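Chemist: One structure, pasted below without further comment.
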Amino acid sequence: MRSSFLGPSRTGSIVYNTVNAIPGNELNITSYTYPKYKEELHVHHNLPGCREIDQEENIVECEAPTLEFDGIDNVSVGVTQGSSARNITLRVYYKSKYDGNDTLHALYGDQRYIFPKSDIVPCLCFEAWYSDIVNVADAVRNKCCPFTNHSEENVLRDSVFSVTIKDNMALYHLLAPCNLSAELSLCWKPGDHSACHEIPYTRKEILSQQIGSLKLEHPHPSLCLQVSVKGKVLHTSCLPESRQKRNEDTVLVLKHDLKNTSFCFVGQNKTITLKEATEQMRRGAEFLEQMIVGDIITEQCVRIFQFGENREFYACNVAKYIRSRWNWSRVLCLLAVACVLLVLLLKNENLIKWLKSMTAEKSPREIFNNRSVLILYSPDDEEYEELVRMFASSLKDLQLDVVLDQWHRIDMSKIGPLPWYHKQKSNVLEKNGLIILLFSEGARKRYIAYQAQGATQHKDPDPYQSFGAVLNCVQSDFCNQKAKGRYLVATLSPSCPDVVPEPFTSVPIYELPLCLEKLLKEIAGVNVKKLGRKQAKRLSNTIRERLSGKDKPKATGSVAVELQPLVQSPSKVS
């Protein structure tokens, strides 16, 4: 810093090498010689913040960084003519943030800070200064609150309302990013699924960030606090649940004394006078008042809180007041009218026909609608194959389109088991049919052996003949969670929980013939309502009798002849 003496002529200069000063402040310098040969020299300087003017010549000028804002979807905050040689510290804060937190961000050169528009509130502010100033407190700062005219919608959305109970005091606290003025009122919520009805005379104005209190004589779980802004309810918070639960028969009774003591019932965001209540309850006013006074005296009504000197609120169970008295004459009149209407209806022939059609059993064709069913099983032995064939024939008698490999040996021999099963599976699923997968002890053992195959053994596409083709065809659907609604898993052997291996247990398992009724209802699908309980039982008994006529299948798991029948002549095909 260089200064010159002022006079008739320039006689010299003084250079100040080091001066302690705070950027942005004013500095007064007084210079004189010792002893004093001239008058004192006074120099006044305004010290700005610092920014770089010329990097090569190291020319620095002190000032605060200038912020700019732009954006469409989000707000972009940056520095006008930012320099890559100096970093900027950007502070994001709220003028009245309830938690007192703010965030600092570093901007390098032309880097910008992105702020979501969904978080913009009117009290959002930014502050920027150069980061290379050693003493941060000395840095000249640029403060800006550009959203003061922004909508308060985000403030309302981000506000939080909480209620706690301490020593019969309800402490409430409305937290919001900015200062918010709202209305607080009490409301009554008689049931868990009921609306909260505002209690008259309880509205008051509150401010966010301030803790308020309400004196309660008896905290009741049906008592709640509401916060509304511009007539719209923003928050509803009920008192913390206690051992006492909400009871829809419990209502709030207001006792107020203007000239004479009177009672009102609180509900539907209004109060009903005792006279109006007596008209709705079909009770006399004197009778109702006596009941309420008696319950208050005997403490069956609990005083919850008091507003002022003249208004007291009680929680009373008034179900006994509301019940209207039905006399015998009214009951007999209604019974006579019902009998007359019944006689007139029974004389209507169309009605009689309709009743008969509703009670008559539907035909199997109407119930099962010729639905396609593919039965897959393991041919353990001849007896088990005969049992499966009997089961398939019983379903076919119910007008179901049943597909069983035993009936299509010639077609299977032409194209092979694996392509045949894949073709039948596609046809059935395209027609919204079902695939019934029957498991036995032999099937379980074959599945275990199928899983234990080595990579070199997969060259044969049908390693276990027909059941190997079955597993190859359906296993992926169970592993990929695609079996529900498309497959039914059942057993024709005695009940054994381990006979069905994973992953085939992902769908319900039907033990036959014990669960035949449930199986028929599942096969009926959308027409299950047409299948009456008696009809389902009768059809199940018919199938059960046919199956019981055969010997029980042997659970040896031995492999019977499978592919040999594929080359038999058509005359030998059953």
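Every chain in the structure tokens takes a letter, A first, then B, and so on in the order presented; its residues are numbered from 1, and the ligands are numbered from 1 following the presented order.
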Env of range 365-370 of chain A: 7 Å cut, atoms = only C-alpha atoms, seq-sep filter 4 positions within chain, self excluded. Answer as an NGL selection string.
Modeler: :A and (398-401 or 524 or 527 or 530-531)
Chemist: Please write the residues from the selection above to a file, keeping N, CA and C atoms, as a PDB file, in the first residue's frame.
Modeler:
ATOM      1  N   LEU A 398     -67.129 -86.435 -15.845  1.00  0.00           N
ATOM      2  CA  LEU A 398     -67.651 -85.133 -15.396  1.00  0.00           C
ATOM      3  C   LEU A 398     -67.586 -84.091 -16.508  1.00  0.00           C
ATOM      4  N   GLN A 399     -67.496 -84.539 -17.744  1.00  0.00           N
ATOM      5  CA  GLN A 399     -67.448 -83.657 -18.915  1.00  0.00           C
ATOM      6  C   GLN A 399     -66.197 -82.788 -18.923  1.00  0.00           C
ATOM      7  N   LEU A 400     -65.084 -83.373 -18.450  1.00  0.00           N
ATOM      8  CA  LEU A 400     -63.787 -82.708 -18.534  1.00  0.00           C
ATOM      9  C   LEU A 400     -63.002 -83.282 -19.701  1.00  0.00           C
ATOM     10  N   ASP A 401     -62.241 -82.450 -20.371  1.00  0.00           N
ATOM     11  CA  ASP A 401     -61.409 -82.887 -21.489  1.00  0.00           C
ATOM     12  C   ASP A 401     -60.077 -83.375 -20.909  1.00  0.00           C
ATOM     13  N   ALA A 524     -63.244 -76.754 -10.911  1.00  0.00           N
ATOM     14  CA  ALA A 524     -64.396 -75.956 -11.378  1.00  0.00           C
ATOM     15  C   ALA A 524     -63.988 -74.517 -11.661  1.00  0.00           C
ATOM     16  N   ASN A 527     -66.458 -71.301 -11.952  1.00  0.00           N
ATOM     17  CA  ASN A 527     -67.823 -71.812 -11.775  1.00  0.00           C
ATOM     18  C   ASN A 527     -67.984 -72.557 -10.458  1.00  0.00           C
ATOM     19  N   LYS A 530     -71.343 -72.643  -8.694  1.00  0.00           N
ATOM     20  CA  LYS A 530     -72.391 -73.498  -9.256  1.00  0.00           C
ATOM     21  C   LYS A 530     -72.325 -74.921  -8.709  1.00  0.00           C
ATOM     22  N   LEU A 531     -71.201 -75.290  -8.133  1.00  0.00           N
ATOM     23  CA  LEU A 531     -71.034 -76.618  -7.565  1.00  0.00           C
ATOM     24  C   LEU A 531     -71.415 -76.565  -6.095  1.00  0.00           C
TER      25      LEU A 531
END
Chemist: Counting only C-alpha atoms, what is within 12 Å of Lys518 in chain A, bar same-chain residues fewer than 4 positions away, as number ranges by chain?
Modeler: A: 488, 490, 508-514, 522-525, 528, 531, 533, 536-537, 539-540
Chemist: Taking only C-alpha atoms into account, name the residue in A:Ile410, A:Ile292, A:Val160, A:Leu429 that is nearest to Leu254 in chain A.
Modeler: A:Ile292
Chemist: Running DSSP on the backbone, which parts of range 432-538 of chain A land in strand (DSSP E or B), as a ChimeraX atom specification?
Modeler: /A:434-439,487-491,509-511
Chemist: Between A:Asn168, A:Ser372, A:Thr202, A:Ser31, single out the one closest to Lys431 in chain A, counting only C-alpha atoms.
Modeler: A:Ser372
Chemist: Find the spatial neighbours of range 111-126 of chain A, counting only C-alpha atoms, within a cut-off of 8 Å - ignore same-chain residues fewer than 5 positions away - and output them as a list in words.
Modeler: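 Contacts, with the query itself left out: Asp73, Asn74, Val75, Ser76, Val77, Gly78, Val79, Leu90, Arg91, Val92, Tyr93, Tyr94, Lys95, Ser96, His105, Lys143, Cys144, Cys145, Pro146, Phe147, Thr148, Asn149, His150, Ser151, Glu152, Asn154, Val155, Pro177 and Cys178 of chain A.
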Chemist: Pull the alpha helix (DSSP H) assignments for range 376-453 of chain A out of DSSP run on the backbone, and list those residues as a CSV table (one decimal) with N, CA, C and O atoms, in the first residue's frame.
Modeler:
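Saved to states_29.csv:
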chain,number,residue,atom,x,y,z
A,382,GLU,N,-48.2,-101.9,-12.9
A,382,GLU,CA,-49.4,-102.0,-13.7
A,382,GLU,C,-50.6,-101.6,-12.8
A,382,GLU,O,-51.6,-101.0,-13.3
A,383,GLU,N,-50.6,-102.0,-11.5
A,383,GLU,CA,-51.8,-101.7,-10.6
A,383,GLU,C,-51.9,-100.2,-10.5
A,383,GLU,O,-53.0,-99.6,-10.5
A,384,TYR,N,-50.8,-99.5,-10.3
A,384,TYR,CA,-50.8,-98.0,-10.2
A,384,TYR,C,-51.3,-97.3,-11.4
A,384,TYR,O,-52.1,-96.4,-11.4
A,385,GLU,N,-50.8,-97.9,-12.6
A,385,GLU,CA,-51.3,-97.3,-13.9
A,385,GLU,C,-52.8,-97.5,-14.0
A,385,GLU,O,-53.5,-96.6,-14.5
A,386,GLU,N,-53.3,-98.6,-13.6
A,386,GLU,CA,-54.8,-98.9,-13.6
A,386,GLU,C,-55.5,-97.9,-12.7
A,386,GLU,O,-56.6,-97.4,-13.1
A,387,LEU,N,-55.0,-97.6,-11.6
A,387,LEU,CA,-55.6,-96.7,-10.6
A,387,LEU,C,-55.6,-95.3,-11.2
A,387,LEU,O,-56.6,-94.6,-11.1
A,388,VAL,N,-54.5,-94.9,-11.9
A,388,VAL,CA,-54.5,-93.6,-12.5
A,388,VAL,C,-55.5,-93.5,-13.7
A,388,VAL,O,-56.2,-92.5,-13.9
A,389,ARG,N,-55.6,-94.6,-14.4
A,389,ARG,CA,-56.6,-94.6,-15.5
A,389,ARG,C,-58.0,-94.5,-15.0
A,389,ARG,O,-58.8,-93.9,-15.6
A,390,MET,N,-58.3,-95.2,-13.9
A,390,MET,CA,-59.6,-95.1,-13.3
A,390,MET,C,-59.9,-93.7,-12.8
A,390,MET,O,-61.0,-93.2,-13.0
A,391,PHE,N,-58.9,-93.0,-12.3
A,391,PHE,CA,-59.1,-91.6,-11.8
A,391,PHE,C,-59.3,-90.7,-13.0
A,391,PHE,O,-60.2,-89.8,-13.0
A,392,ALA,N,-58.6,-90.9,-14.1
A,392,ALA,CA,-58.8,-90.1,-15.3
A,392,ALA,C,-60.1,-90.3,-15.9
A,392,ALA,O,-60.8,-89.4,-16.4
A,393,SER,N,-60.6,-91.6,-16.0
A,393,SER,CA,-61.9,-91.9,-16.5
A,393,SER,C,-63.0,-91.2,-15.7
A,393,SER,O,-64.0,-90.8,-16.2
A,394,SER,N,-62.9,-91.2,-14.4
A,394,SER,CA,-63.9,-90.6,-13.5
A,394,SER,C,-64.0,-89.1,-13.8
A,394,SER,O,-65.1,-88.5,-13.8
A,395,LEU,N,-62.8,-88.4,-14.0
A,395,LEU,CA,-62.9,-87.0,-14.4
A,395,LEU,C,-63.5,-86.8,-15.7
A,395,LEU,O,-64.2,-85.8,-16.0
A,396,LYS,N,-63.2,-87.7,-16.6
A,396,LYS,CA,-63.8,-87.6,-18.0
A,396,LYS,C,-65.3,-87.7,-18.0
A,396,LYS,O,-66.0,-87.1,-18.7
A,409,ARG,N,-50.8,-93.6,-26.9
A,409,ARG,CA,-49.6,-94.3,-27.1
A,409,ARG,C,-49.1,-94.1,-28.6
A,409,ARG,O,-47.9,-94.0,-28.8
A,410,ILE,N,-50.0,-94.2,-29.5
A,410,ILE,CA,-49.5,-94.2,-30.9
A,410,ILE,C,-49.0,-92.8,-31.3
A,410,ILE,O,-47.9,-92.7,-31.9
A,411,ASP,N,-49.7,-91.8,-30.9
A,411,ASP,CA,-49.2,-90.4,-31.2
A,411,ASP,C,-47.9,-90.2,-30.5
A,411,ASP,O,-47.0,-89.5,-31.0
A,412,MET,N,-47.7,-90.7,-29.2
A,412,MET,CA,-46.5,-90.5,-28.5
A,412,MET,C,-45.3,-91.2,-29.2
A,412,MET,O,-44.2,-90.7,-29.2
A,413,SER,N,-45.6,-92.4,-29.7
A,413,SER,CA,-44.5,-93.1,-30.4
A,413,SER,C,-44.0,-92.5,-31.6
A,413,SER,O,-42.9,-92.7,-32.0
A,414,LYS,N,-44.9,-91.7,-32.3
A,414,LYS,CA,-44.5,-91.1,-33.5
A,414,LYS,C,-43.5,-89.9,-33.3
A,414,LYS,O,-42.6,-89.7,-34.1
A,415,ILE,N,-43.7,-89.1,-32.3
A,415,ILE,CA,-42.9,-87.9,-32.1
A,415,ILE,C,-42.0,-88.0,-30.8
A,415,ILE,O,-41.1,-87.2,-30.6
A,417,PRO,N,-41.7,-89.1,-26.3
A,417,PRO,CA,-42.4,-88.7,-25.1
A,417,PRO,C,-42.2,-87.2,-24.8
A,417,PRO,O,-43.1,-86.5,-24.5
A,418,LEU,N,-40.9,-86.7,-24.9
A,418,LEU,CA,-40.7,-85.3,-24.5
A,418,LEU,C,-41.4,-84.3,-25.4
A,418,LEU,O,-42.1,-83.4,-24.9
A,419,PRO,N,-41.3,-84.4,-26.8
A,419,PRO,CA,-42.1,-83.5,-27.6
A,419,PRO,C,-43.6,-83.6,-27.4
A,419,PRO,O,-44.3,-82.6,-27.4
A,420,TRP,N,-44.1,-84.8,-27.1
A,420,TRP,CA,-45.5,-85.0,-26.9
A,420,TRP,C,-46.0,-84.3,-25.7
A,420,TRP,O,-47.0,-83.6,-25.7
A,421,TYR,N,-45.2,-84.5,-24.6
A,421,TYR,CA,-45.7,-83.8,-23.3
A,421,TYR,C,-45.6,-82.3,-23.4
A,421,TYR,O,-46.5,-81.6,-22.9
A,422,HIS,N,-44.6,-81.8,-24.1
A,422,HIS,CA,-44.5,-80.3,-24.3
A,422,HIS,C,-45.7,-79.8,-25.1
A,422,HIS,O,-46.2,-78.8,-24.8
A,423,LYS,N,-46.1,-80.6,-26.1
A,423,LYS,CA,-47.2,-80.2,-27.0
A,423,LYS,C,-48.5,-80.2,-26.2
A,423,LYS,O,-49.3,-79.2,-26.2
A,424,GLN,N,-48.7,-81.2,-25.4
A,424,GLN,CA,-50.0,-81.3,-24.6
A,424,GLN,C,-50.0,-80.2,-23.5
A,424,GLN,O,-51.0,-79.6,-23.2
A,425,LYS,N,-48.8,-80.0,-22.9
A,425,LYS,CA,-48.8,-78.9,-21.9
A,425,LYS,C,-49.2,-77.5,-22.5
A,425,LYS,O,-50.0,-76.8,-21.9
A,426,SER,N,-48.6,-77.2,-23.7
A,426,SER,CA,-48.9,-76.0,-24.3
A,426,SER,C,-50.4,-75.9,-24.7
A,426,SER,O,-51.1,-74.8,-24.4
A,427,ASN,N,-51.0,-77.0,-25.2
A,427,ASN,CA,-52.4,-77.0,-25.5
A,427,ASN,C,-53.3,-76.7,-24.3
A,427,ASN,O,-54.3,-76.0,-24.4
A,428,VAL,N,-53.0,-77.4,-23.2
A,428,VAL,CA,-53.8,-77.3,-22.0
A,428,VAL,C,-53.7,-75.9,-21.4
A,428,VAL,O,-54.8,-75.2,-21.1
A,429,LEU,N,-52.5,-75.3,-21.3
A,429,LEU,CA,-52.4,-74.0,-20.8
A,429,LEU,C,-53.0,-72.9,-21.6
A,429,LEU,O,-53.5,-71.9,-21.2
A,430,GLU,N,-52.9,-73.1,-23.0
A,430,GLU,CA,-53.6,-72.1,-23.9
A,430,GLU,C,-55.1,-72.1,-23.7
A,430,GLU,O,-55.7,-71.0,-23.9
A,441,GLU,N,-44.4,-92.8,-4.2
A,441,GLU,CA,-43.1,-93.1,-3.7
A,441,GLU,C,-42.1,-93.3,-4.8
A,441,GLU,O,-41.0,-92.9,-4.8
A,442,GLY,N,-42.6,-94.1,-5.8
A,442,GLY,CA,-41.8,-94.3,-7.0
A,442,GLY,C,-41.4,-93.0,-7.7
A,442,GLY,O,-40.3,-92.8,-8.2
A,443,ALA,N,-42.4,-92.1,-7.8
A,443,ALA,CA,-42.1,-90.8,-8.5
A,443,ALA,C,-41.1,-90.0,-7.7
A,443,ALA,O,-40.2,-89.4,-8.3
A,444,ARG,N,-41.1,-90.1,-6.4
A,444,ARG,CA,-40.1,-89.3,-5.5
A,444,ARG,C,-38.7,-89.9,-5.8
A,444,ARG,O,-37.8,-89.1,-5.9
A,445,LYS,N,-38.6,-91.2,-5.8
A,445,LYS,CA,-37.3,-91.8,-6.0
A,445,LYS,C,-36.8,-91.5,-7.4
A,445,LYS,O,-35.6,-91.2,-7.6
A,446,ARG,N,-37.6,-91.5,-8.4
A,446,ARG,CA,-37.2,-91.2,-9.8
A,446,ARG,C,-36.7,-89.7,-9.9
A,446,ARG,O,-35.8,-89.4,-10.6
A,447,TYR,N,-37.4,-88.8,-9.1
A,447,TYR,CA,-37.0,-87.4,-9.1
A,447,TYR,C,-35.7,-87.2,-8.5
A,447,TYR,O,-34.8,-86.5,-9.0
A,448,ILE,N,-35.4,-88.0,-7.4
A,448,ILE,CA,-34.1,-87.9,-6.8
A,448,ILE,C,-33.0,-88.4,-7.7
A,448,ILE,O,-31.9,-87.7,-7.9
A,449,ALA,N,-33.3,-89.5,-8.4
A,449,ALA,CA,-32.3,-90.0,-9.4
A,449,ALA,C,-32.1,-89.0,-10.6
A,449,ALA,O,-31.0,-88.8,-11.1
A,450,TYR,N,-33.2,-88.4,-11.0
A,450,TYR,CA,-33.2,-87.4,-12.1
A,450,TYR,C,-32.3,-86.2,-11.7
A,450,TYR,O,-31.5,-85.7,-12.5
A,451,GLN,N,-32.4,-85.8,-10.4
A,451,GLN,CA,-31.6,-84.6,-9.9
A,451,GLN,C,-30.1,-85.0,-9.8
A,451,GLN,O,-29.3,-84.1,-9.9
Chemist: What separation in Å, quoted to one decimal, exists between CA of Pro240 in chain A and CA of Thr164 in chain A?
Modeler: 7.0 Å
Chemist: State, in Å with one decimal place, the distance from CA of Gly416 in chain A to CA of Val373 in chain A.
Modeler: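 Taking CA of Gly416 in chain A and CA of Val373 in chain A, their separation equals 20.6 Å.
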Chemist: Please report the interatomic distance between CA of Pro503 in chain A and CA of Phe467 in chain A in Å with one decimal.
Modeler: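 Rounded to one decimal, the two atoms are 16.4 Å apart.
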